[in-house]
file protein_23.cif (mmCIF, C-alpha atoms and all ligand atoms)
data_data
#
loop_
_atom_site.label_atom_id
_atom_site.label_comp_id
_atom_site.auth_asym_id
_atom_site.auth_seq_id
_atom_site.Cartn_x
_atom_site.Cartn_y
_atom_site.Cartn_z
CA MET A 86 32.93 -3.69 8.68
CA SER A 87 36.25 -4.96 7.36
CA PHE A 88 37.58 -8.46 6.59
CA ALA A 89 39.99 -8.12 9.53
CA GLU A 90 37.05 -7.63 11.89
CA LEU A 91 35.64 -10.97 10.77
CA GLY A 92 38.61 -12.69 12.38
CA LEU A 93 40.67 -13.54 9.31
CA VAL A 94 44.44 -13.86 9.65
CA PRO A 95 46.93 -11.50 7.90
CA LYS A 96 47.95 -13.95 5.15
CA LEU A 97 44.35 -14.20 4.01
CA LEU A 98 43.79 -10.46 4.39
CA ARG A 99 46.74 -9.88 2.08
CA ALA A 100 45.26 -12.17 -0.58
CA ILE A 101 41.86 -10.48 -0.22
CA GLU A 102 43.45 -7.11 -0.73
CA GLU A 103 45.19 -8.37 -3.84
CA ALA A 104 41.87 -9.67 -5.14
CA GLY A 105 40.69 -6.08 -4.84
CA TYR A 106 37.96 -6.57 -2.26
CA SER A 107 37.64 -3.84 0.33
CA THR A 108 34.47 -4.75 2.21
CA PRO A 109 32.87 -8.12 2.86
CA THR A 110 29.55 -8.85 1.16
CA PRO A 111 26.54 -9.73 3.38
CA ILE A 112 27.02 -13.48 2.98
CA GLN A 113 30.69 -13.11 3.86
CA ARG A 114 29.86 -11.09 6.98
CA GLU A 115 27.56 -13.87 8.15
CA ALA A 116 29.35 -16.97 6.96
CA ILE A 117 33.00 -16.26 7.73
CA PRO A 118 32.75 -15.90 11.53
CA ALA A 119 30.26 -18.78 11.75
CA VAL A 120 32.52 -21.17 9.82
CA LEU A 121 35.59 -20.05 11.77
CA GLU A 122 33.74 -20.96 14.96
CA GLY A 123 33.08 -24.43 13.61
CA HIS A 124 29.33 -24.17 13.07
CA ASN A 125 27.36 -26.15 10.54
CA LEU A 126 25.93 -23.71 8.06
CA LEU A 127 22.88 -23.63 5.84
CA ALA A 128 23.26 -20.65 3.54
CA GLY A 129 20.74 -19.31 1.10
CA ALA A 130 22.86 -17.45 -1.39
CA GLN A 131 23.00 -17.45 -5.14
CA THR A 132 26.02 -16.93 -7.35
CA GLY A 133 27.04 -13.32 -7.41
CA THR A 134 26.71 -12.75 -3.69
CA GLY A 135 30.35 -13.53 -2.95
CA LYS A 136 29.46 -16.92 -1.48
CA THR A 137 32.61 -18.64 -2.72
CA ALA A 138 34.89 -16.41 -0.66
CA GLY A 139 32.31 -16.81 2.12
CA PHE A 140 33.29 -20.44 2.54
CA ALA A 141 36.76 -20.58 0.96
CA LEU A 142 38.34 -18.04 3.31
CA PRO A 143 37.30 -19.59 6.63
CA VAL A 144 37.94 -23.13 5.33
CA LEU A 145 41.49 -22.11 4.38
CA GLN A 146 42.02 -20.50 7.77
CA ARG A 147 40.76 -23.50 9.71
CA LEU A 148 42.91 -25.95 7.78
CA ASP A 149 45.99 -23.76 7.92
CA GLU A 150 45.86 -23.57 11.71
CA ASP A 151 47.45 -27.00 11.97
CA ARG A 152 48.52 -29.24 9.18
CA PRO A 153 49.01 -32.94 9.97
CA GLU A 154 52.24 -34.45 8.62
CA SER A 155 50.40 -37.09 6.58
CA ARG A 156 48.50 -34.42 4.61
CA PRO A 157 45.13 -36.17 4.19
CA VAL A 158 42.28 -34.54 2.28
CA ARG A 159 40.62 -32.44 5.00
CA ALA A 160 38.12 -30.34 3.05
CA LEU A 161 35.84 -31.57 0.28
CA VAL A 162 33.83 -29.14 -1.83
CA LEU A 163 31.16 -30.71 -4.03
CA VAL A 164 29.86 -28.67 -6.96
CA PRO A 165 27.43 -29.45 -9.81
CA THR A 166 29.47 -28.51 -12.89
CA ARG A 167 32.99 -28.51 -14.24
CA GLU A 168 32.87 -24.75 -14.78
CA LEU A 169 31.95 -24.10 -11.18
CA ALA A 170 34.59 -26.58 -10.03
CA ALA A 171 37.25 -24.70 -11.99
CA GLN A 172 36.10 -21.36 -10.64
CA VAL A 173 35.94 -22.48 -7.03
CA HIS A 174 39.40 -24.00 -7.44
CA GLU A 175 40.70 -20.69 -8.76
CA SER A 176 39.21 -18.90 -5.75
CA PHE A 177 40.84 -21.30 -3.28
CA ARG A 178 44.16 -20.86 -5.00
CA ALA A 179 43.91 -17.09 -5.09
CA TYR A 180 42.80 -16.69 -1.47
CA GLY A 181 45.14 -19.39 -0.22
CA ARG A 182 48.25 -18.20 -2.02
CA TYR A 183 50.04 -17.20 1.20
CA THR A 184 49.09 -20.38 3.04
CA ARG A 185 50.89 -23.67 2.47
CA LEU A 186 47.70 -25.53 1.66
CA ARG A 187 47.25 -27.34 -1.61
CA THR A 188 44.02 -27.58 -3.57
CA ALA A 189 43.05 -30.01 -6.33
CA VAL A 190 40.12 -29.96 -8.71
CA ILE A 191 38.44 -33.08 -9.98
CA PHE A 192 35.82 -33.21 -12.73
CA GLY A 193 34.78 -35.41 -15.60
CA GLY A 194 35.21 -34.87 -19.32
CA VAL A 195 38.99 -34.70 -19.04
CA GLY A 196 41.61 -37.39 -18.51
CA ILE A 197 41.68 -38.94 -15.05
CA ASN A 198 45.45 -39.58 -14.95
CA PRO A 199 46.66 -36.02 -14.34
CA GLN A 200 44.14 -35.85 -11.48
CA ILE A 201 45.55 -39.05 -10.02
CA GLU A 202 49.05 -37.59 -10.23
CA THR A 203 47.92 -34.43 -8.43
CA LEU A 204 46.21 -36.43 -5.68
CA LYS A 205 49.36 -38.51 -5.18
CA ARG A 206 51.30 -35.36 -4.42
CA LYS A 207 49.03 -34.77 -1.37
CA VAL A 208 46.37 -32.13 -1.29
CA ASP A 209 44.50 -30.60 1.63
CA ILE A 210 41.42 -29.44 -0.24
CA VAL A 211 39.53 -31.16 -3.06
CA ILE A 212 36.91 -29.50 -5.22
CA ALA A 213 34.95 -32.08 -7.19
CA THR A 214 31.90 -32.90 -9.21
CA PRO A 215 30.21 -35.98 -7.67
CA GLY A 216 30.54 -38.42 -10.59
CA ARG A 217 34.26 -38.09 -11.16
CA LEU A 218 34.93 -38.09 -7.43
CA LEU A 219 33.24 -41.48 -7.22
CA ASP A 220 35.41 -42.70 -10.11
CA HIS A 221 38.45 -41.83 -8.01
CA VAL A 222 36.93 -43.55 -5.00
CA GLY A 223 36.38 -46.64 -7.16
CA GLN A 224 40.00 -46.58 -8.26
CA ARG A 225 41.16 -45.93 -4.70
CA THR A 226 43.02 -42.85 -5.80
CA ILE A 227 41.41 -40.71 -3.10
CA ASP A 228 40.83 -41.33 0.58
CA LEU A 229 38.03 -39.33 2.17
CA ARG A 230 38.25 -40.78 5.68
CA ARG A 231 39.94 -37.74 7.17
CA VAL A 232 37.63 -35.05 5.75
CA GLU A 233 36.89 -32.43 8.42
CA ILE A 234 34.84 -29.99 6.39
CA LEU A 235 32.28 -30.76 3.69
CA VAL A 236 30.91 -28.01 1.46
CA LEU A 237 27.94 -28.57 -0.85
CA ASP A 238 27.94 -25.64 -3.24
CA GLU A 239 24.87 -24.91 -5.36
CA ALA A 240 23.20 -27.85 -3.67
CA ASP A 241 19.89 -27.19 -5.42
CA ARG A 242 21.57 -27.48 -8.81
CA MET A 243 23.21 -30.73 -7.80
CA LEU A 244 19.83 -32.18 -6.91
CA ASP A 245 18.26 -30.82 -10.11
CA MET A 246 20.99 -32.56 -12.06
CA GLY A 247 20.23 -35.87 -10.39
CA PHE A 248 23.30 -36.09 -8.16
CA ILE A 249 21.44 -37.00 -4.99
CA ARG A 250 22.42 -40.69 -5.06
CA ASP A 251 26.05 -39.85 -5.75
CA ILE A 252 26.02 -37.35 -2.90
CA ARG A 253 24.57 -39.89 -0.51
CA ARG A 254 27.21 -42.42 -1.54
CA ILE A 255 29.93 -39.86 -0.91
CA LEU A 256 28.50 -38.96 2.50
CA LYS A 257 28.91 -42.57 3.60
CA LEU A 258 32.65 -42.33 2.92
CA LEU A 259 33.18 -39.35 5.19
CA PRO A 260 33.83 -39.36 8.95
CA HIS A 261 30.77 -38.77 11.11
CA GLU A 262 32.39 -35.93 12.98
CA ARG A 263 32.77 -33.08 10.57
CA GLN A 264 31.65 -29.57 9.76
CA ASN A 265 29.02 -29.22 7.02
CA LEU A 266 28.32 -26.18 4.91
CA LEU A 267 25.47 -26.17 2.42
CA PHE A 268 24.93 -23.37 -0.06
CA SER A 269 21.80 -23.19 -2.18
CA ALA A 270 19.94 -20.48 -4.05
CA THR A 271 16.57 -22.05 -3.32
CA PHE A 272 15.24 -24.27 -0.55
CA SER A 273 13.01 -26.93 -1.97
CA ASP A 274 11.78 -29.85 0.11
CA PRO A 275 14.51 -32.20 -1.17
CA ILE A 276 17.14 -29.69 -0.05
CA ARG A 277 15.52 -29.46 3.36
CA SER A 278 15.52 -33.21 3.69
CA LEU A 279 19.17 -33.49 2.62
CA THR A 280 20.04 -30.82 5.18
CA GLN A 281 18.29 -32.77 7.93
CA ASP A 282 20.31 -35.87 7.13
CA LEU A 283 23.49 -33.88 6.91
CA MET A 284 23.49 -31.81 10.04
CA ASP A 285 21.82 -31.07 13.33
CA ASP A 286 20.95 -27.60 14.24
CA PRO A 287 22.72 -25.65 11.51
CA LEU A 288 23.15 -21.93 11.63
CA GLU A 289 20.95 -20.47 8.92
CA VAL A 290 22.01 -17.54 6.82
CA GLN A 291 19.88 -16.05 4.09
CA VAL A 292 21.16 -13.22 1.98
CA THR A 293 18.58 -13.13 -0.75
CA PRO A 294 15.04 -13.80 0.40
CA ARG A 295 13.83 -17.21 -0.64
CA ASN A 296 13.25 -17.45 -4.38
CA LYS A 297 13.68 -13.75 -4.88
CA THR A 298 15.89 -12.22 -7.49
CA ALA A 299 18.56 -9.73 -6.64
CA ASP A 300 17.12 -6.24 -6.31
CA ARG A 301 19.71 -4.71 -8.53
CA ILE A 302 18.61 -6.55 -11.64
CA ARG A 303 16.36 -4.52 -13.90
CA GLN A 304 14.04 -7.08 -15.43
CA THR A 305 11.94 -6.56 -18.53
CA VAL A 306 9.72 -8.65 -20.78
CA HIS A 307 9.31 -8.02 -24.50
CA PHE A 308 6.44 -9.84 -26.21
CA VAL A 309 7.48 -10.75 -29.73
CA ASP A 310 6.53 -13.15 -32.49
CA LYS A 311 8.56 -16.31 -32.22
CA GLY A 312 9.99 -15.96 -35.72
CA ARG A 313 11.27 -12.46 -35.05
CA LYS A 314 13.10 -13.07 -31.80
CA ARG A 315 16.54 -13.34 -33.38
CA GLU A 316 16.05 -10.16 -35.37
CA LEU A 317 14.89 -8.28 -32.27
CA LEU A 318 17.83 -9.63 -30.30
CA SER A 319 20.37 -8.48 -32.91
CA TYR A 320 18.69 -5.12 -33.08
CA THR A 321 18.62 -4.70 -29.30
CA ILE A 322 22.28 -5.62 -28.89
CA GLY A 323 23.34 -3.36 -31.73
CA HIS A 324 21.09 -0.44 -30.93
CA GLY A 325 21.93 -0.52 -27.23
CA ASN A 326 25.59 -0.98 -28.08
CA TRP A 327 25.78 -3.89 -25.65
CA ARG A 328 29.35 -4.86 -25.12
CA GLN A 329 28.72 -8.24 -23.56
CA VAL A 330 25.58 -10.33 -23.29
CA LEU A 331 24.75 -13.81 -22.11
CA VAL A 332 21.80 -15.31 -24.01
CA PHE A 333 19.88 -18.36 -22.84
CA THR A 334 18.26 -20.89 -25.11
CA ARG A 335 16.48 -24.07 -24.13
CA THR A 336 18.39 -26.54 -26.27
CA LYS A 337 21.98 -27.17 -27.32
CA HIS A 338 20.94 -27.21 -30.95
CA GLY A 339 19.09 -23.92 -30.49
CA ALA A 340 22.20 -22.41 -28.89
CA ASN A 341 24.39 -23.41 -31.84
CA ARG A 342 21.90 -22.18 -34.40
CA LEU A 343 21.36 -18.85 -32.69
CA ALA A 344 25.09 -18.21 -32.30
CA GLU A 345 25.55 -18.85 -36.01
CA GLN A 346 22.69 -16.55 -36.96
CA LEU A 347 23.95 -13.75 -34.73
CA GLU A 348 27.38 -14.14 -36.25
CA LYS A 349 25.80 -13.56 -39.68
CA ASP A 350 24.23 -10.41 -38.24
CA GLY A 351 27.73 -9.15 -37.52
CA LEU A 352 27.87 -9.94 -33.81
CA THR A 353 30.81 -12.06 -32.65
CA SER A 354 29.07 -14.97 -30.98
CA ALA A 355 29.74 -18.40 -29.58
CA ALA A 356 27.69 -21.17 -28.01
CA ILE A 357 28.48 -23.03 -24.81
CA HIS A 358 26.73 -26.25 -23.85
CA GLY A 359 27.21 -29.75 -22.57
CA ASN A 360 28.10 -31.30 -25.93
CA LYS A 361 31.29 -29.27 -26.19
CA SER A 362 34.58 -30.61 -25.00
CA GLN A 363 35.91 -29.13 -21.79
CA GLY A 364 38.70 -27.46 -23.74
CA ALA A 365 36.26 -25.78 -26.13
CA ARG A 366 34.10 -24.58 -23.24
CA THR A 367 37.04 -23.12 -21.37
CA ARG A 368 38.30 -21.35 -24.50
CA THR A 369 34.88 -19.96 -25.37
CA LEU A 370 34.47 -18.65 -21.86
CA ALA A 371 37.90 -17.02 -21.98
CA ASP A 372 37.03 -15.37 -25.31
CA PHE A 373 33.82 -14.04 -23.83
CA LYS A 374 35.52 -12.76 -20.70
CA ASP A 375 38.22 -10.91 -22.62
CA GLY A 376 35.69 -9.33 -24.97
CA SER A 377 36.65 -11.06 -28.22
CA VAL A 378 33.25 -12.78 -28.18
CA ARG A 379 30.41 -10.38 -27.59
CA VAL A 380 27.43 -12.72 -27.37
CA LEU A 381 27.62 -15.98 -25.47
CA VAL A 382 24.67 -18.28 -26.12
CA ALA A 383 24.23 -20.88 -23.40
CA THR A 384 21.94 -23.59 -22.15
CA ASP A 385 21.01 -23.68 -18.47
CA ILE A 386 23.37 -26.46 -17.51
CA ALA A 387 26.37 -24.92 -19.25
CA ALA A 388 25.75 -21.58 -17.60
CA ARG A 389 25.47 -22.86 -14.05
CA GLY A 390 28.10 -21.35 -11.91
CA LEU A 391 29.61 -19.27 -14.71
CA ASP A 392 31.39 -16.44 -13.01
CA ILE A 393 31.70 -13.53 -15.35
CA GLU A 394 32.62 -10.35 -13.66
CA GLY A 395 30.45 -7.34 -14.31
CA LEU A 396 28.18 -9.04 -16.84
CA PRO A 397 25.73 -6.25 -17.70
CA HIS A 398 23.11 -8.09 -19.79
CA VAL A 399 21.31 -11.39 -19.70
CA VAL A 400 18.68 -12.28 -22.29
CA ASN A 401 16.22 -15.12 -22.09
CA PHE A 402 15.80 -15.96 -25.76
CA GLU A 403 13.44 -18.67 -24.57
CA LEU A 404 11.95 -18.89 -21.12
CA PRO A 405 12.99 -21.88 -19.01
CA ASN A 406 10.45 -24.59 -18.24
CA VAL A 407 11.25 -24.44 -14.55
CA PRO A 408 10.59 -21.02 -13.00
CA GLU A 409 13.51 -21.39 -10.56
CA ASP A 410 15.85 -21.55 -13.56
CA TYR A 411 14.78 -18.02 -14.42
CA VAL A 412 16.13 -16.87 -11.06
CA HIS A 413 19.41 -18.68 -11.67
CA ARG A 414 19.76 -17.33 -15.17
CA ILE A 415 19.23 -13.70 -14.34
CA GLY A 416 21.46 -14.10 -11.29
CA ARG A 417 24.35 -14.16 -13.77
CA THR A 418 24.05 -10.41 -14.09
CA ALA A 419 24.34 -7.79 -11.32
CA ARG A 420 27.19 -9.54 -9.56
CA ALA A 421 28.64 -8.24 -6.31
CA GLY A 422 27.80 -4.57 -6.14
CA GLU A 423 26.93 -3.92 -9.77
CA ASP A 424 23.74 -3.28 -11.68
CA GLY A 425 22.48 -5.57 -14.39
CA GLU A 426 19.69 -5.99 -16.86
CA ALA A 427 17.69 -9.09 -17.71
CA LEU A 428 15.48 -9.10 -20.80
CA SER A 429 13.09 -11.92 -21.66
CA LEU A 430 11.81 -12.34 -25.22
CA VAL A 431 8.46 -13.99 -24.83
CA CYS A 432 6.27 -15.39 -27.60
CA GLU A 433 2.63 -16.36 -27.37
CA GLU A 434 3.22 -19.99 -26.43
CA GLU A 435 5.55 -19.03 -23.60
CA LYS A 436 3.00 -16.89 -21.79
CA PRO A 437 2.06 -19.67 -19.34
CA LEU A 438 5.76 -20.03 -18.44
CA LEU A 439 5.95 -16.29 -17.82
CA LYS A 440 2.93 -16.56 -15.57
CA ASP A 441 4.65 -19.23 -13.48
CA ILE A 442 7.79 -17.13 -13.18
CA GLU A 443 5.85 -14.10 -12.07
CA LYS A 444 3.99 -16.21 -9.56
CA LEU A 445 7.31 -17.35 -8.10
CA LEU A 446 8.66 -13.80 -8.00
CA LYS A 447 5.34 -12.52 -6.66
CA THR A 448 5.57 -9.57 -9.01
CA GLU A 449 4.83 -8.63 -12.57
CA ILE A 450 7.91 -8.01 -14.69
CA PRO A 451 7.65 -4.67 -16.54
CA ARG A 452 6.79 -4.94 -20.27
CA ILE A 453 8.70 -3.07 -22.94
CA THR A 454 8.12 -2.79 -26.68
CA THR A 455 10.56 -1.85 -29.41
CA PRO A 456 8.86 0.07 -32.24
CA GLY A 457 8.57 -2.22 -35.25
CA TYR A 458 8.50 -5.38 -33.16
CA GLU A 459 5.03 -5.13 -31.68
CA VAL A 460 3.08 -8.38 -31.74
CA LYS A 461 0.45 -8.10 -34.44
CA PRO A 462 -2.90 -9.48 -33.33
CA GLY A 463 -3.36 -12.98 -34.64
CA SER A 464 0.20 -13.27 -35.93
CA ALA A 465 1.79 -14.71 -32.82
CA SER A 466 1.92 -18.26 -34.06
CA GLU A 467 2.41 -17.24 -37.65
CA PRO A 468 5.93 -15.87 -37.86
CA GLN A 469 5.94 -16.11 -41.67
CA LYS A 470 3.15 -13.64 -41.94
CA ALA A 471 4.74 -11.32 -39.42
CA GLN A 472 8.00 -11.30 -41.30
CA GLN A 473 6.33 -10.07 -44.44
CA LYS A 474 5.62 -6.82 -42.71
CA PRO A 475 8.86 -4.90 -42.65
CA ALA A 476 10.06 -3.58 -39.35
CA GLN A 477 10.41 0.16 -39.02
CA ARG A 478 14.10 -0.35 -38.48
CA ARG A 479 15.92 -3.34 -39.79
CA PRO A 480 18.66 -4.53 -37.49
CA GLY A 481 21.03 -5.00 -40.37
CA SER A 482 21.05 -1.31 -41.16
CA ASP A 483 22.24 -0.48 -37.68
CA LEU A 484 24.77 -3.21 -37.44
CA GLY A 485 27.26 -1.59 -39.77
CA ASN A 486 27.83 1.10 -37.17
CA ILE A 487 28.07 -1.13 -34.16
CA ARG A 488 31.22 -0.64 -32.22
CA GLN A 489 32.93 -4.00 -31.99
CA PRO A 490 34.21 -5.00 -28.58
CA GLN A 491 37.70 -3.80 -27.89
CA ARG A 492 40.35 -6.39 -28.39
CA ARG A 493 43.14 -6.28 -25.91
CA ASN A 494 45.73 -7.65 -28.28
CA GLN A 495 46.17 -9.36 -31.57
CA GLN A 496 46.79 -12.73 -30.04
CA LYS A 497 43.32 -12.80 -28.57
CA THR A 498 41.84 -12.40 -32.02
CA GLY A 499 43.44 -15.69 -32.95
CA VAL A 500 41.96 -17.35 -29.89
CA SER A 501 38.57 -16.02 -30.80
CA ASN A 502 38.76 -17.44 -34.28
CA ARG A 503 39.71 -20.78 -32.92
CA GLY A 504 36.75 -20.63 -30.55
CA ARG A 505 34.38 -19.93 -33.39
CA GLY A 506 35.90 -22.67 -35.44
CA ASP A 507 35.06 -25.03 -32.63
CA ARG A 508 31.48 -24.06 -32.69
CA ARG A 509 31.09 -24.76 -36.36
CA GLY A 510 33.01 -27.97 -36.13
P1 LIG A 601 30.40 -15.63 -6.08
O1 LIG A 601 29.04 -15.32 -5.54
O2 LIG A 601 31.24 -16.35 -5.11
O3 LIG A 601 30.31 -16.32 -7.40
O4 LIG A 601 31.16 -14.24 -6.32
C1 LIG A 601 30.71 -13.30 -7.24
C2 LIG A 601 31.78 -12.32 -7.65
O5 LIG A 601 32.01 -11.36 -6.60
C3 LIG A 601 33.14 -12.91 -7.94
O6 LIG A 601 33.57 -12.39 -9.16
C4 LIG A 601 34.04 -12.46 -6.82
O7 LIG A 601 35.35 -12.27 -7.27
C5 LIG A 601 33.40 -11.17 -6.39
N1 LIG A 601 33.55 -10.86 -4.93
C6 LIG A 601 33.52 -11.75 -3.93
N2 LIG A 601 33.65 -11.13 -2.74
C7 LIG A 601 33.76 -9.80 -3.01
C8 LIG A 601 33.91 -8.64 -2.20
N3 LIG A 601 33.96 -8.69 -0.87
N4 LIG A 601 33.99 -7.44 -2.81
C9 LIG A 601 33.91 -7.37 -4.16
N5 LIG A 601 33.77 -8.43 -4.98
C10 LIG A 601 33.68 -9.64 -4.43
#

call {"tool": "encode", "arguments": {"input": "protein_23.cif", "output": "structure tokens"}}
result
Amino acid sequence: MSFAELGLVPKLLRAIEEAGYSTPTPIQREAIPAVLEGHNLLAGAQTGTGKTAGFALPVLQRLDEDRPESRPVRALVLVPTRELAAQVHESFRAYGRYTRLRTAVIFGGVGINPQIETLKRKVDIVIATPGRLLDHVGQRTIDLRRVEILVLDEADRMLDMGFIRDIRRILKLLPHERQNLLFSATFSDPIRSLTQDLMDDPLEVQVTPRNKTADRIRQTVHFVDKGRKRELLSYTIGHGNWRQVLVFTRTKHGANRLAEQLEKDGLTSAAIHGNKSQGARTRTLADFKDGSVRVLVATDIAARGLDIEGLPHVVNFELPNVPEDYVHRIGRTARAGEDGEALSLVCEEEKPLLKDIEKLLKTEIPRITTPGYEVKPGSASEPQKAQQKPAQRRPGSDLGNIRQPQRRNQQKTGVSNRGRGDRRG
């Protein structure tokens, strides 16, 4: 099955080829023809399945078929986070480079004026986070009355983040007659109810079974004393010679602290979370992508929608409170067609959380143990005591030999330093 067989026109096929894709992913095989035919779509697909191209390509094709002189906004893509907005925007621009359509991205945390200027110059497609979009509506700098296609991307995350009222306000501003596409990794009752309000009789596409993690992710659990998690993490990264790893913590403060500690262990690290400016987040992400930062420590919200190609390792430094977040987190690895590994460091008090996750997955995650880091009976909640017993191998002794990630050029080193400076500041 090729992209051409899905009914895409040559100018899109050319852009796809330049993106380096040879065969459509399952969600693309299902979604592209359905959207081209004008169906409403309810798609169960998490990040990493190729869902963005699954909606961007047919939306571009439909809009490019005829372009009204007045150039109203004809497609609106709502996303939960700024990072996802930026990534979806990039995708539209890359796939649409041989069309004459224009795309704008709108999100908070940055000045509104440049966005107003862009909107004035007429755009066909708008990718937006709900809050900032409503700011533009309030200022009458955007008119949504001619929207033909609405996409809700990562709809479950948008509801988790409390955007439901904003979404409903936005829906009221759109024409009744339109095509609706909803993408969500999970289908909770609130998502079902939103879908019912949004569309009659949608075509349903499910590429990963409900609430199931991608098969290609090798998941493991390591029980460890709480106070020794950081040491075990440094050791694991160094010993395994991990080139790139995304580490999840529960709090922003925890993310900062862990990144600083790992840095002291000799691992180039940075934290990404909601308290950082958009500029700092973008820079940190760029440093991580180009390899000048080896360990990216993130909170759930900051990591939503992060698209990092070929990310081989994800570590849950702390388990999430909501089991579904586990699925989202580990979905950051094993992207389209690659294998990935997800390790969870679990201390005594997190065992109930692990139980909930395993209940959701309907499977037990395999346990592993690193010699020297076994949980000593009775020491679980007493990290001090555990630390007095020396590990068989201290991470520090290995770290001297760790191969640092390759730097592509000198300039990047400067960027990386700036990124780290941000974190400390
Ligand atoms: P997404 O699920 O949209 O976040 O996409 C996940 C990753 O897969 C992105 O890095 C895309 O560039 C990549 N991708 C999308 N479609 C394909 C394809 N047909 N073949 C290979 N990679 C793809």

call {"tool": "closest_atom_pairs", "arguments": {"input": "protein_23.cif", "of": "range 234-318 of chain A", "to": "range 427-436 of chain A", "cutoff": "12 Å", "atoms": "all atoms listed in the file", "output": "tab-separated table"}}
result
residue	atom	partner	partner_atom	distance
A:Thr298	CA	A:Ala427	CA	10.8
A:Ala299	CA	A:Ala427	CA	11.1
A:Asp300	CA	A:Ala427	CA	11.8
A:Arg301	CA	A:Ala427	CA	10.4
A:Ile302	CA	A:Ala427	CA	6.6
A:Arg303	CA	A:Ala427	CA	6.1
A:Gln304	CA	A:Ala427	CA	4.7
A:Thr305	CA	A:Leu428	CA	4.9
A:Val306	CA	A:Ser429	CA	4.8
A:His307	CA	A:Leu430	CA	5.0
A:Phe308	CA	A:Val431	CA	4.8
A:Val309	CA	A:Cys432	CA	5.2
A:Asp310	CA	A:Cys432	CA	5.4
A:Lys311	CA	A:Cys432	CA	5.2
A:Gly312	CA	A:Cys432	CA	8.9
A:Arg313	CA	A:Cys432	CA	9.4
A:Lys314	CA	A:Leu430	CA	6.7
A:Arg315	CA	A:Leu430	CA	9.5
A:Glu316	CA	A:Leu430	CA	11.2
A:Leu317	CA	A:Leu430	CA	8.7
A:Leu318	CA	A:Leu430	CA	8.3

call {"tool": "closest_residue", "arguments": {"input": "protein_23.cif", "among": "A:Asp228, A:Asp372, A:Glu154, A:Glu239", "to": "ligand LIG 601 (chain A)", "atoms": "only C-alpha atoms and all ligand atoms"}}
result
A:Glu239

call {"tool": "atom_distance", "arguments": {"input": "protein_23.cif", "atom1": "atom N3 of ligand LIG 601 (chain A)", "atom2": "CA of Asn125 in chain A"}}
result
21.9 Å

call {"tool": "closest_residue", "arguments": {"input": "protein_23.cif", "among": "A:Thr418, A:Thr137, A:Gln113, A:Ser273", "to": "ligand LIG 601 (chain A)", "atoms": "only C-alpha atoms and all ligand atoms"}}
result
A:Thr137

call {"tool": "closest_residue", "arguments": {"input": "protein_23.cif", "among": "A:Pro408, A:Gly416, A:Gly376, A:Gly92", "to": "ligand LIG 601 (chain A)", "atoms": "only C-alpha atoms and all ligand atoms"}}
result
A:Gly416

call {"tool": "build_atoms", "arguments": {"input": "protein_23.cif", "residues": "range 339-350 of chain A", "atoms": "N, CA and C atoms", "output": "PDB file, keeping the file's coordinate frame"}}
result
ATOM      1  N   GLY A 339      19.558 -25.307 -30.390  1.00  0.00           N
ATOM      2  CA  GLY A 339      19.090 -23.920 -30.490  1.00  0.00           C
ATOM      3  C   GLY A 339      20.214 -22.942 -30.197  1.00  0.00           C
ATOM      4  N   ALA A 340      21.074 -23.283 -29.255  1.00  0.00           N
ATOM      5  CA  ALA A 340      22.200 -22.410 -28.890  1.00  0.00           C
ATOM      6  C   ALA A 340      23.161 -22.287 -30.077  1.00  0.00           C
ATOM      7  N   ASN A 341      23.483 -23.425 -30.683  1.00  0.00           N
ATOM      8  CA  ASN A 341      24.390 -23.410 -31.840  1.00  0.00           C
ATOM      9  C   ASN A 341      23.811 -22.579 -32.976  1.00  0.00           C
ATOM     10  N   ARG A 342      22.531 -22.840 -33.266  1.00  0.00           N
ATOM     11  CA  ARG A 342      21.900 -22.180 -34.400  1.00  0.00           C
ATOM     12  C   ARG A 342      21.852 -20.665 -34.183  1.00  0.00           C
ATOM     13  N   LEU A 343      21.476 -20.277 -32.971  1.00  0.00           N
ATOM     14  CA  LEU A 343      21.360 -18.850 -32.690  1.00  0.00           C
ATOM     15  C   LEU A 343      22.723 -18.166 -32.783  1.00  0.00           C
ATOM     16  N   ALA A 344      23.747 -18.809 -32.243  1.00  0.00           N
ATOM     17  CA  ALA A 344      25.090 -18.210 -32.300  1.00  0.00           C
ATOM     18  C   ALA A 344      25.508 -18.001 -33.751  1.00  0.00           C
ATOM     19  N   GLU A 345      25.191 -18.975 -34.595  1.00  0.00           N
ATOM     20  CA  GLU A 345      25.550 -18.850 -36.010  1.00  0.00           C
ATOM     21  C   GLU A 345      24.785 -17.714 -36.683  1.00  0.00           C
ATOM     22  N   GLN A 346      23.501 -17.614 -36.352  1.00  0.00           N
ATOM     23  CA  GLN A 346      22.690 -16.550 -36.960  1.00  0.00           C
ATOM     24  C   GLN A 346      23.173 -15.166 -36.521  1.00  0.00           C
ATOM     25  N   LEU A 347      23.504 -15.049 -35.250  1.00  0.00           N
ATOM     26  CA  LEU A 347      23.950 -13.750 -34.730  1.00  0.00           C
ATOM     27  C   LEU A 347      25.283 -13.356 -35.381  1.00  0.00           C
ATOM     28  N   GLU A 348      26.093 -14.358 -35.590  1.00  0.00           N
ATOM     29  CA  GLU A 348      27.380 -14.140 -36.250  1.00  0.00           C
ATOM     30  C   GLU A 348      27.139 -13.543 -37.642  1.00  0.00           C
ATOM     31  N   LYS A 349      26.135 -14.077 -38.342  1.00  0.00           N
ATOM     32  CA  LYS A 349      25.800 -13.560 -39.680  1.00  0.00           C
ATOM     33  C   LYS A 349      25.304 -12.121 -39.592  1.00  0.00           C
ATOM     34  N   ASP A 350      24.699 -11.785 -38.448  1.00  0.00           N
ATOM     35  CA  ASP A 350      24.230 -10.410 -38.240  1.00  0.00           C
ATOM     36  C   ASP A 350      25.378  -9.464 -37.904  1.00  0.00           C
TER      37      ASP A 350
END
